[in-house]
Amino acid sequence: MARKLKMRIWRGDADTGALQDVTVEANEGEVVLDVIHRVQATQMGDLAVRWNCKAGKCGSCSMEINGKPRLACMTQVASYGDEETITVTPLRAFPVIKDLVTDVSFNYKKAMEIPSYEPPANLKPGEARMQQVDVERSQEFRKCIECFLCQNTCHVVRDHEENKKSFAGPRFFIRIAELDMHPLDILKNRKQKAQEEHGLGMCNITKCCTEVCPEHIRITDNAIIPMKERVVDVKYDPLRWLGTKIRKREGIV
Amino acid sequence: MEFLPTQIDITKEPMEVGPTCHYVMGGVEVEPDTAAAVGVPGLFAAGEVAGGMHGSNRLGGNSLSDLLVFGRRAGMGAAEYVKSAKAVPVSDAAIKAAAERIQAPFTRSGGENSYSLHAELQEITHNLVGIIRTGAELKEAIEKIAEIRKRSANVSVAGGRKFNPGFHLAFDLDNMLLVAESTAKSAISREESRGGHTRDDFPQLDSKWRQVNHIASFDGKEVTVRKQPLPALPKELFDLFDVHELEKYMTADEIAKGGAR
């Protein structure tokens, strides 16, 4: 049951761009990426769009569909009204390369600023042991597909380019939380660094990141808030602060 | 059970299923120890792009071991190669020709659409070079692929060079044609059924066919396929098997020899 679908597709580059109206055939069961591909094949041969797995697991086709950050391959055309126009635009928080493709290298820079997993120096291959409960705690964060929808929607950077320097973003807070929960990781100052170097304090827990996550990771509740609580507990508690000064107690560990 | 985001409940309504190309068993012919491509100095290949590793069917999980083992060999092979290899001189004329070839789709107008040719090629290989093949269908496929190849020389592309998928596809199409033609021509030559290759007109496994690989080469116009004998199974590997297990796969002559010494 094919039908005519009205779409508005943003086309342009770093300097200039505009929405273009198109009408395209849409078949039953198709997702937005399918119809974008049909537009590409029949009307706009040079329409730039990033995509790969078409199964919601590679995180490539992130874009904004009717203003919402979404994966185009996981968004049913049928979830919009029959007469509704579907508008697709590139991710707003990142610089446009062309059409629906943005330069997401901000995220790779931030990834490199986070020290990787560090096991004890004397741990030999095959000797690492982990309790199932510890595996399960961090498993949620390992589901991240790096689509960067959370990074894109986060208002700390979405319309505040100036904050990018000092803010790593939700994707990297779950990364820090995951490493922090790892029983064999020996770096003891991950939460402190999250606060002091990666801008954890700039997050005011509006949960927009959690809302757009296609893997349904509870970014705010399970990663950001627990880290914030620990930071507040140690950093701002006057008695604990005093303790670090007079009895040489450890700070945020 | 619901399949997101399609919201189909397969306990209540039918679900559409279909076969899809999942892995390519063939690939660039390489030396096993260095992963150096045969006949192309300085080219190294490992993983799915290389051929000969998985025989007639790749088992689940084996491509990871393939990558680890042959990726390492390719890296070491390439490192060893650059120590002694001199840079291959490239003439200005060759560079100019390559640049012109890349620009060509932009200079044509009203030519073929790369997306349409891609879709047609998919249709041909899906229908005629699919899971169950016949000689007649493969012959038809080879003819149709040749037509697409002719038309692909006249692809025209809109827009500029920057992130232009239609332009990229114009070049990917050459590679797709190469793979499709090599697969179809090897398949029509192999008159038996084995692993991922099923011939409806030759449904049986034939031990004689185990002894050969098909090697495809391209002269710029079309693919030719020749048969190349496989090295015999070394004795130390032969001895690991119960001889009755090997009888299904090997000819009586091979069994009698008992592996290569």
# chains A, B, ... in the order shown; residues from 1 in each chain; ligands from 1

$ residues_around --residues "A:Ala177" --least-positions-apart "6" --cutoff "9 Å" --atoms "only C-alpha atoms" --output "MDAnalysis selection string"
chainID A and resid 138 141 190:191 222:224 226:227

$ residues_around --residues "A:Val135" --least-positions-apart "2" --cutoff "12 Å" --atoms "only C-alpha atoms" --output "list of chain:residue names"
A:Arg129, A:Met130, A:Gln131, A:Gln132, A:Val133, A:Arg137, A:Ser138, A:Gln139, A:Glu140, A:Phe141, A:Arg142, A:Glu178, A:Leu179, A:Met181, A:His182, A:Pro183, A:Leu184

$ closest_atom_pairs --of "chain B" --to "chain A" --cutoff "9 Å" --atoms "only C-alpha atoms" --output "Markdown table"
| residue | atom | partner | partner_atom | distance |
| --- | --- | --- | --- | --- |
| B:Leu4 | CA | A:Met74 | CA | 7.9 |
| B:Pro5 | CA | A:Met74 | CA | 5.9 |
| B:Thr6 | CA | A:Gly29 | CA | 6.5 |
| B:Asn113 | CA | A:Ala41 | CA | 8.1 |
| B:Ser114 | CA | A:Ala41 | CA | 8.2 |
| B:Tyr115 | CA | A:Ala41 | CA | 5.3 |
| B:Ser116 | CA | A:Ala41 | CA | 7.1 |
| B:Val157 | CA | A:Gly45 | CA | 7.2 |
| B:Ala158 | CA | A:Asp46 | CA | 6.2 |
| B:Gly159 | CA | A:Asp46 | CA | 5.8 |
| B:Gly160 | CA | A:Asp46 | CA | 7.7 |
| B:Arg161 | CA | A:Asp46 | CA | 8.9 |
| B:Lys162 | CA | A:Lys98 | CA | 7.7 |
| B:Phe163 | CA | A:Ala48 | CA | 5.9 |
| B:Asn164 | CA | A:Asp46 | CA | 4.6 |
| B:Pro165 | CA | A:Asp46 | CA | 5.7 |
| B:Gly166 | CA | A:Gly45 | CA | 5.0 |
| B:Phe167 | CA | A:Asp46 | CA | 7.2 |

$ select_by_dssp --residues "stretch 26-237 of chain B" --states "strand (DSSP E or B)" --output "PyMOL selection string"
chain B and resi 28+30+36-37+44+50+112+132-133+155+194+197-199+202+212-218+223-229+234

$ atom_distance --atom1 "atom CA of B:Lys235" --atom2 "atom CA of B:Ala260"
5.1 Å

$ select_by_dssp --residues "stretch 5-151 of chain B" --states "alpha helix (DSSP H)" --output "short mmCIF file (atom, residue, chain, number, x, y, z; two decimals) with N, CA, C and O atoms, in the first residue's frame"
data_model
loop_
_atom_site.label_atom_id
_atom_site.label_comp_id
_atom_site.auth_asym_id
_atom_site.auth_seq_id
_atom_site.Cartn_x
_atom_site.Cartn_y
_atom_site.Cartn_z
N ASN B 62 34.28 -17.88 12.75
CA ASN B 62 35.59 -18.06 12.12
C ASN B 62 36.16 -16.79 11.49
O ASN B 62 37.37 -16.70 11.29
N SER B 63 35.31 -15.81 11.17
CA SER B 63 35.90 -14.62 10.57
C SER B 63 36.68 -13.82 11.59
O SER B 63 37.63 -13.13 11.24
N LEU B 64 36.31 -13.95 12.86
CA LEU B 64 37.08 -13.24 13.90
C LEU B 64 38.48 -13.83 13.99
O LEU B 64 39.49 -13.10 13.99
N SER B 65 38.57 -15.17 14.02
CA SER B 65 39.91 -15.80 14.06
C SER B 65 40.69 -15.47 12.80
O SER B 65 41.90 -15.24 12.84
N ASP B 66 39.98 -15.43 11.66
CA ASP B 66 40.59 -15.07 10.38
C ASP B 66 41.25 -13.69 10.49
O ASP B 66 42.41 -13.49 10.14
N LEU B 67 40.48 -12.74 11.03
CA LEU B 67 40.99 -11.37 11.15
C LEU B 67 42.21 -11.30 12.05
O LEU B 67 43.20 -10.63 11.73
N LEU B 68 42.14 -12.02 13.18
CA LEU B 68 43.24 -11.95 14.14
C LEU B 68 44.51 -12.54 13.56
O LEU B 68 45.59 -11.95 13.62
N VAL B 69 44.38 -13.72 12.96
CA VAL B 69 45.56 -14.42 12.45
C VAL B 69 46.09 -13.76 11.17
O VAL B 69 47.27 -13.40 11.09
N PHE B 70 45.19 -13.55 10.20
CA PHE B 70 45.68 -13.06 8.91
C PHE B 70 45.85 -11.54 8.90
O PHE B 70 46.63 -11.01 8.11
N GLY B 71 45.15 -10.84 9.82
CA GLY B 71 45.41 -9.41 9.97
C GLY B 71 46.83 -9.20 10.44
O GLY B 71 47.57 -8.34 9.94
N ARG B 72 47.28 -10.03 11.40
CA ARG B 72 48.65 -9.93 11.90
C ARG B 72 49.66 -10.27 10.81
O ARG B 72 50.63 -9.57 10.60
N ARG B 73 49.33 -11.36 10.08
CA ARG B 73 50.25 -11.76 9.00
C ARG B 73 50.34 -10.68 7.93
O ARG B 73 51.42 -10.41 7.39
N ALA B 74 49.21 -10.06 7.60
CA ALA B 74 49.20 -9.01 6.57
C ALA B 74 50.03 -7.82 7.03
O ALA B 74 50.81 -7.25 6.25
N GLY B 75 49.88 -7.48 8.31
CA GLY B 75 50.65 -6.35 8.85
C GLY B 75 52.14 -6.64 8.80
O GLY B 75 52.94 -5.80 8.37
N MET B 76 52.51 -7.84 9.22
CA MET B 76 53.94 -8.21 9.22
C MET B 76 54.44 -8.33 7.78
O MET B 76 55.57 -7.93 7.48
N GLY B 77 53.59 -8.90 6.91
CA GLY B 77 53.97 -9.05 5.50
C GLY B 77 54.21 -7.69 4.86
O GLY B 77 55.20 -7.50 4.13
N ALA B 78 53.34 -6.74 5.16
CA ALA B 78 53.46 -5.41 4.57
C ALA B 78 54.71 -4.70 5.11
O ALA B 78 55.45 -4.04 4.37
N ALA B 79 54.96 -4.87 6.44
CA ALA B 79 56.13 -4.23 7.06
C ALA B 79 57.41 -4.78 6.44
O ALA B 79 58.36 -4.03 6.15
N GLU B 80 57.41 -6.09 6.22
CA GLU B 80 58.58 -6.73 5.61
C GLU B 80 58.77 -6.24 4.16
O GLU B 80 59.88 -5.97 3.72
N TYR B 81 57.64 -6.12 3.47
CA TYR B 81 57.66 -5.71 2.06
C TYR B 81 58.26 -4.31 1.88
O TYR B 81 59.11 -4.09 1.03
N VAL B 82 57.86 -3.37 2.73
CA VAL B 82 58.33 -1.99 2.53
C VAL B 82 59.82 -1.84 2.84
O VAL B 82 60.46 -0.91 2.36
N LYS B 83 60.36 -2.77 3.64
CA LYS B 83 61.80 -2.71 3.92
C LYS B 83 62.61 -2.83 2.65
O LYS B 83 63.64 -2.18 2.49
N SER B 84 62.17 -3.72 1.75
CA SER B 84 62.98 -3.98 0.57
C SER B 84 62.39 -3.39 -0.71
O SER B 84 63.08 -3.21 -1.70
N ASP B 92 52.92 10.54 -14.97
CA ASP B 92 51.96 11.63 -14.94
C ASP B 92 50.74 11.29 -15.78
O ASP B 92 49.61 11.66 -15.44
N ALA B 93 50.99 10.55 -16.87
CA ALA B 93 49.88 10.18 -17.75
C ALA B 93 48.88 9.28 -17.02
O ALA B 93 47.66 9.44 -17.16
N ALA B 94 49.43 8.36 -16.19
CA ALA B 94 48.55 7.45 -15.45
C ALA B 94 47.73 8.23 -14.43
O ALA B 94 46.54 7.94 -14.22
N ILE B 95 48.36 9.21 -13.77
CA ILE B 95 47.65 10.03 -12.78
C ILE B 95 46.55 10.83 -13.48
O ILE B 95 45.42 10.90 -12.99
N LYS B 96 46.91 11.39 -14.64
CA LYS B 96 45.94 12.20 -15.39
C LYS B 96 44.75 11.33 -15.82
O LYS B 96 43.59 11.75 -15.67
N ALA B 97 45.06 10.11 -16.26
CA ALA B 97 43.99 9.21 -16.71
C ALA B 97 43.06 8.86 -15.55
O ALA B 97 41.83 8.83 -15.70
N ALA B 98 43.66 8.62 -14.36
CA ALA B 98 42.85 8.27 -13.19
C ALA B 98 41.97 9.45 -12.79
O ALA B 98 40.78 9.28 -12.46
N ALA B 99 42.54 10.66 -12.82
CA ALA B 99 41.76 11.86 -12.46
C ALA B 99 40.61 12.07 -13.44
O ALA B 99 39.49 12.40 -13.05
N GLU B 100 40.89 11.83 -14.70
CA GLU B 100 39.84 12.01 -15.72
C GLU B 100 38.72 10.99 -15.54
O GLU B 100 37.54 11.31 -15.69
N ARG B 101 39.13 9.78 -15.17
CA ARG B 101 38.14 8.73 -14.96
C ARG B 101 37.20 9.13 -13.81
O ARG B 101 35.99 8.92 -13.86
N ILE B 102 37.79 9.73 -12.76
CA ILE B 102 36.99 10.14 -11.61
C ILE B 102 36.05 11.28 -11.98
O ILE B 102 34.89 11.31 -11.57
N GLN B 103 36.55 12.21 -12.80
CA GLN B 103 35.73 13.37 -13.19
C GLN B 103 34.65 13.02 -14.20
O GLN B 103 33.63 13.73 -14.28
N ALA B 104 34.87 11.92 -14.93
CA ALA B 104 34.01 11.62 -16.08
C ALA B 104 32.50 11.62 -15.77
O ALA B 104 31.74 12.22 -16.53
N PRO B 105 32.04 11.00 -14.67
CA PRO B 105 30.59 10.99 -14.43
C PRO B 105 29.98 12.39 -14.30
O PRO B 105 28.79 12.57 -14.55
N PHE B 106 30.81 13.38 -13.91
CA PHE B 106 30.28 14.74 -13.78
C PHE B 106 30.17 15.43 -15.13
O PHE B 106 29.40 16.37 -15.29
N THR B 107 30.99 14.98 -16.09
CA THR B 107 31.00 15.66 -17.37
C THR B 107 29.89 15.16 -18.30
O THR B 107 29.54 15.83 -19.26
N SER B 114 23.31 5.92 -11.31
CA SER B 114 24.05 4.85 -10.61
C SER B 114 23.14 4.05 -9.67
O SER B 114 23.33 2.84 -9.50
N TYR B 115 22.19 4.72 -9.05
CA TYR B 115 21.28 4.00 -8.12
C TYR B 115 20.41 2.98 -8.88
O TYR B 115 20.16 1.88 -8.38
N SER B 116 19.96 3.36 -10.08
CA SER B 116 19.12 2.43 -10.84
C SER B 116 19.91 1.20 -11.27
O SER B 116 19.42 0.07 -11.19
N LEU B 117 21.16 1.44 -11.73
CA LEU B 117 21.99 0.30 -12.15
C LEU B 117 22.27 -0.61 -10.96
O LEU B 117 22.25 -1.84 -11.08
N HIS B 118 22.54 0.01 -9.80
CA HIS B 118 22.79 -0.77 -8.58
C HIS B 118 21.57 -1.65 -8.27
O HIS B 118 21.71 -2.85 -8.01
N ALA B 119 20.38 -1.05 -8.34
CA ALA B 119 19.15 -1.80 -8.04
C ALA B 119 18.95 -2.94 -9.04
O ALA B 119 18.56 -4.05 -8.65
N GLU B 120 19.24 -2.68 -10.30
CA GLU B 120 19.08 -3.73 -11.31
C GLU B 120 20.07 -4.88 -11.08
O GLU B 120 19.72 -6.05 -11.21
N LEU B 121 21.30 -4.50 -10.73
CA LEU B 121 22.33 -5.53 -10.46
C LEU B 121 21.92 -6.38 -9.25
O LEU B 121 22.07 -7.61 -9.26
N GLN B 122 21.37 -5.72 -8.24
CA GLN B 122 20.88 -6.46 -7.06
C GLN B 122 19.81 -7.45 -7.46
O GLN B 122 19.81 -8.61 -7.02
N GLU B 123 18.88 -6.99 -8.29
CA GLU B 123 17.77 -7.82 -8.75
C GLU B 123 18.30 -9.06 -9.50
O GLU B 123 17.87 -10.19 -9.26
N ILE B 124 19.25 -8.83 -10.39
CA ILE B 124 19.81 -9.93 -11.20
C ILE B 124 20.50 -10.96 -10.31
O ILE B 124 20.25 -12.16 -10.39
N THR B 125 21.39 -10.48 -9.43
CA THR B 125 22.15 -11.43 -8.61
C THR B 125 21.26 -12.12 -7.59
O THR B 125 21.43 -13.29 -7.29
N HIS B 126 20.26 -11.38 -7.08
CA HIS B 126 19.34 -11.99 -6.12
C HIS B 126 18.54 -13.11 -6.78
O HIS B 126 18.39 -14.20 -6.23
N ASN B 127 18.03 -12.83 -7.97
CA ASN B 127 17.15 -13.81 -8.63
C ASN B 127 17.92 -14.95 -9.29
O ASN B 127 17.44 -16.08 -9.34
N LEU B 128 19.11 -14.66 -9.85
CA LEU B 128 19.77 -15.65 -10.71
C LEU B 128 21.08 -16.21 -10.13
O LEU B 128 21.55 -17.25 -10.58
N GLY B 135 22.46 -23.79 -14.16
CA GLY B 135 23.32 -23.36 -15.25
C GLY B 135 22.64 -22.34 -16.16
O GLY B 135 23.24 -21.32 -16.53
N ALA B 136 21.36 -22.59 -16.46
CA ALA B 136 20.65 -21.70 -17.38
C ALA B 136 20.50 -20.30 -16.77
O ALA B 136 20.69 -19.28 -17.44
N GLU B 137 20.18 -20.27 -15.48
CA GLU B 137 20.00 -18.97 -14.82
C GLU B 137 21.33 -18.23 -14.71
O GLU B 137 21.39 -17.00 -14.88
N LEU B 138 22.40 -18.98 -14.42
CA LEU B 138 23.70 -18.33 -14.31
C LEU B 138 24.12 -17.74 -15.66
O LEU B 138 24.69 -16.65 -15.72
N LYS B 139 23.82 -18.48 -16.72
CA LYS B 139 24.15 -17.99 -18.06
C LYS B 139 23.42 -16.67 -18.34
O LYS B 139 24.00 -15.70 -18.82
N GLU B 140 22.15 -16.68 -17.97
CA GLU B 140 21.34 -15.46 -18.15
C GLU B 140 21.92 -14.31 -17.32
O GLU B 140 22.02 -13.17 -17.79
N ALA B 141 22.33 -14.63 -16.09
CA ALA B 141 22.90 -13.61 -15.20
C ALA B 141 24.16 -13.01 -15.83
O ALA B 141 24.34 -11.78 -15.83
N ILE B 142 25.02 -13.87 -16.36
CA ILE B 142 26.29 -13.40 -16.94
C ILE B 142 26.02 -12.43 -18.10
O ILE B 142 26.65 -11.38 -18.21
N GLU B 143 25.03 -12.77 -18.91
CA GLU B 143 24.67 -11.87 -20.02
C GLU B 143 24.13 -10.54 -19.52
O GLU B 143 24.49 -9.47 -20.01
N LYS B 144 23.27 -10.62 -18.50
CA LYS B 144 22.66 -9.39 -17.98
C LYS B 144 23.70 -8.52 -17.26
O LYS B 144 23.63 -7.28 -17.34
N ILE B 145 24.64 -9.16 -16.56
CA ILE B 145 25.69 -8.40 -15.88
C ILE B 145 26.54 -7.65 -16.92
O ILE B 145 26.91 -6.49 -16.72
N ALA B 146 26.81 -8.32 -18.04
CA ALA B 146 27.59 -7.68 -19.11
C ALA B 146 26.87 -6.45 -19.65
O ALA B 146 27.50 -5.43 -19.95
N GLU B 147 25.55 -6.54 -19.74
CA GLU B 147 24.78 -5.37 -20.20
C GLU B 147 24.89 -4.21 -19.22
O GLU B 147 25.06 -3.06 -19.62
N ILE B 148 24.77 -4.54 -17.93
CA ILE B 148 24.88 -3.49 -16.90
C ILE B 148 26.28 -2.87 -16.97
O ILE B 148 26.43 -1.65 -16.85
N ARG B 149 27.29 -3.70 -17.20
CA ARG B 149 28.65 -3.18 -17.27
C ARG B 149 28.77 -2.16 -18.43
O ARG B 149 29.37 -1.11 -18.27
N LYS B 150 28.17 -2.51 -19.55
CA LYS B 150 28.20 -1.58 -20.70
C LYS B 150 27.54 -0.26 -20.33
O LYS B 150 28.08 0.82 -20.57
N ARG B 151 26.37 -0.37 -19.72
CA ARG B 151 25.63 0.84 -19.36
C ARG B 151 26.35 1.65 -18.29
O ARG B 151 26.23 2.87 -18.23
#

$ residues_around --residues "A:Ser105" --least-positions-apart "6" --cutoff "12 Å" --atoms "only C-alpha atoms" --output "PyMOL selection string"
chain A and resi 93-97+111-112+146+148+151+164

$ write_last_selection --atoms "all heavy atoms" --output "JSON list (two decimals), in the first residue's frame"
[["chain", "number", "residue", "atom", "x", "y", "z"],
["A", 93, "ALA", "N", 23.75, 20.10, 17.12],
["A", 93, "ALA", "CA", 24.87, 20.44, 17.99],
["A", 93, "ALA", "C", 26.24, 20.28, 17.32],
["A", 93, "ALA", "O", 27.25, 20.66, 17.90],
["A", 93, "ALA", "CB", 24.81, 19.59, 19.26],
["A", 94, "PHE", "N", 26.25, 19.72, 16.12],
["A", 94, "PHE", "CA", 27.55, 19.48, 15.46],
["A", 94, "PHE", "C", 27.60, 20.20, 14.12],
["A", 94, "PHE", "O", 26.57, 20.39, 13.47],
["A", 94, "PHE", "CB", 27.77, 17.97, 15.25],
["A", 94, "PHE", "CG", 27.55, 17.16, 16.49],
["A", 94, "PHE", "CD1", 26.58, 16.18, 16.53],
["A", 94, "PHE", "CD2", 28.32, 17.40, 17.63],
["A", 94, "PHE", "CE1", 26.36, 15.44, 17.70],
["A", 94, "PHE", "CE2", 28.10, 16.67, 18.79],
["A", 94, "PHE", "CZ", 27.13, 15.69, 18.83],
["A", 95, "PRO", "N", 28.81, 20.59, 13.67],
["A", 95, "PRO", "CA", 28.90, 21.32, 12.40],
["A", 95, "PRO", "C", 28.48, 20.45, 11.21],
["A", 95, "PRO", "O", 28.81, 19.26, 11.15],
["A", 95, "PRO", "CB", 30.39, 21.67, 12.29],
["A", 95, "PRO", "CG", 31.06, 21.18, 13.52],
["A", 95, "PRO", "CD", 30.10, 20.40, 14.34],
["A", 96, "VAL", "N", 27.75, 21.06, 10.30],
["A", 96, "VAL", "CA", 27.28, 20.33, 9.11],
["A", 96, "VAL", "C", 28.45, 20.14, 8.15],
["A", 96, "VAL", "O", 29.25, 21.05, 7.92],
["A", 96, "VAL", "CB", 26.17, 21.13, 8.40],
["A", 96, "VAL", "CG1", 25.86, 20.53, 7.02],
["A", 96, "VAL", "CG2", 24.91, 21.13, 9.25],
["A", 97, "ILE", "N", 28.57, 18.94, 7.59],
["A", 97, "ILE", "CA", 29.50, 18.71, 6.48],
["A", 97, "ILE", "C", 28.72, 18.92, 5.18],
["A", 97, "ILE", "O", 29.05, 19.76, 4.38],
["A", 97, "ILE", "CB", 30.11, 17.29, 6.53],
["A", 97, "ILE", "CG1", 31.00, 17.14, 7.78],
["A", 97, "ILE", "CG2", 30.92, 17.01, 5.26],
["A", 97, "ILE", "CD1", 31.54, 15.75, 8.01],
["A", 111, "ALA", "N", 36.28, 11.60, 23.88],
["A", 111, "ALA", "CA", 36.57, 10.20, 24.23],
["A", 111, "ALA", "C", 38.04, 10.04, 24.59],
["A", 111, "ALA", "O", 38.40, 9.31, 25.52],
["A", 111, "ALA", "CB", 36.20, 9.29, 23.06],
["A", 112, "MET", "N", 38.89, 10.75, 23.86],
["A", 112, "MET", "CA", 40.33, 10.61, 24.11],
["A", 112, "MET", "C", 40.76, 11.26, 25.42],
["A", 112, "MET", "O", 41.82, 10.95, 25.94],
["A", 112, "MET", "CB", 41.11, 11.21, 22.94],
["A", 112, "MET", "CG", 41.03, 10.33, 21.71],
["A", 112, "MET", "SD", 41.78, 11.09, 20.28],
["A", 112, "MET", "CE", 43.50, 10.88, 20.67],
["A", 146, "GLU", "N", 26.98, 4.71, 20.46],
["A", 146, "GLU", "CA", 27.63, 5.96, 20.04],
["A", 146, "GLU", "C", 26.94, 6.62, 18.85],
["A", 146, "GLU", "O", 27.59, 6.98, 17.86],
["A", 146, "GLU", "CB", 29.13, 5.74, 19.77],
["A", 146, "GLU", "CG", 29.84, 5.29, 21.04],
["A", 146, "GLU", "CD", 31.30, 5.72, 21.09],
["A", 146, "GLU", "OE1", 32.02, 5.46, 20.13],
["A", 146, "GLU", "OE2", 31.69, 6.33, 22.10],
["A", 148, "PHE", "N", 25.35, 9.35, 19.42],
["A", 148, "PHE", "CA", 25.54, 10.75, 19.86],
["A", 148, "PHE", "C", 24.25, 11.56, 19.86],
["A", 148, "PHE", "O", 24.29, 12.78, 19.86],
["A", 148, "PHE", "CB", 26.64, 11.44, 19.04],
["A", 148, "PHE", "CG", 27.96, 10.71, 19.09],
["A", 148, "PHE", "CD1", 28.65, 10.38, 17.93],
["A", 148, "PHE", "CD2", 28.50, 10.32, 20.31],
["A", 148, "PHE", "CE1", 29.85, 9.69, 17.97],
["A", 148, "PHE", "CE2", 29.71, 9.63, 20.37],
["A", 148, "PHE", "CZ", 30.38, 9.31, 19.20],
["A", 151, "GLN", "N", 24.33, 13.47, 23.08],
["A", 151, "GLN", "CA", 25.25, 14.61, 23.00],
["A", 151, "GLN", "C", 24.59, 15.76, 22.26],
["A", 151, "GLN", "O", 24.78, 16.92, 22.57],
["A", 151, "GLN", "CB", 26.54, 14.20, 22.26],
["A", 151, "GLN", "CG", 27.29, 13.05, 22.87],
["A", 151, "GLN", "CD", 28.03, 13.45, 24.13],
["A", 151, "GLN", "OE1", 27.48, 13.37, 25.23],
["A", 151, "GLN", "NE2", 29.26, 13.89, 23.99],
["A", 164, "LYS", "N", 31.36, 23.57, 25.01],
["A", 164, "LYS", "CA", 31.92, 22.30, 24.52],
["A", 164, "LYS", "C", 33.31, 22.04, 25.08],
["A", 164, "LYS", "O", 33.70, 20.90, 25.32],
["A", 164, "LYS", "CB", 31.97, 22.29, 22.99],
["A", 164, "LYS", "CG", 30.62, 21.96, 22.36],
["A", 164, "LYS", "CD", 30.76, 21.78, 20.88],
["A", 164, "LYS", "CE", 29.44, 21.35, 20.25],
["A", 164, "LYS", "NZ", 29.50, 21.35, 18.79]]

$ closest_residue --among "B:Pro89, B:Gly110, B:Gly259, B:Pro231" --to "B:Gly52" --atoms "only C-alpha atoms"
B:Pro231

$ atom_distance --atom1 "atom CA of B:Ala153" --atom2 "atom CA of B:Val223"
16.1 Å

$ closest_residue --among "A:Ile145, A:Leu123, A:Leu33, A:Ile114" --to "A:Arg175" --atoms "only C-alpha atoms"
A:Ile114
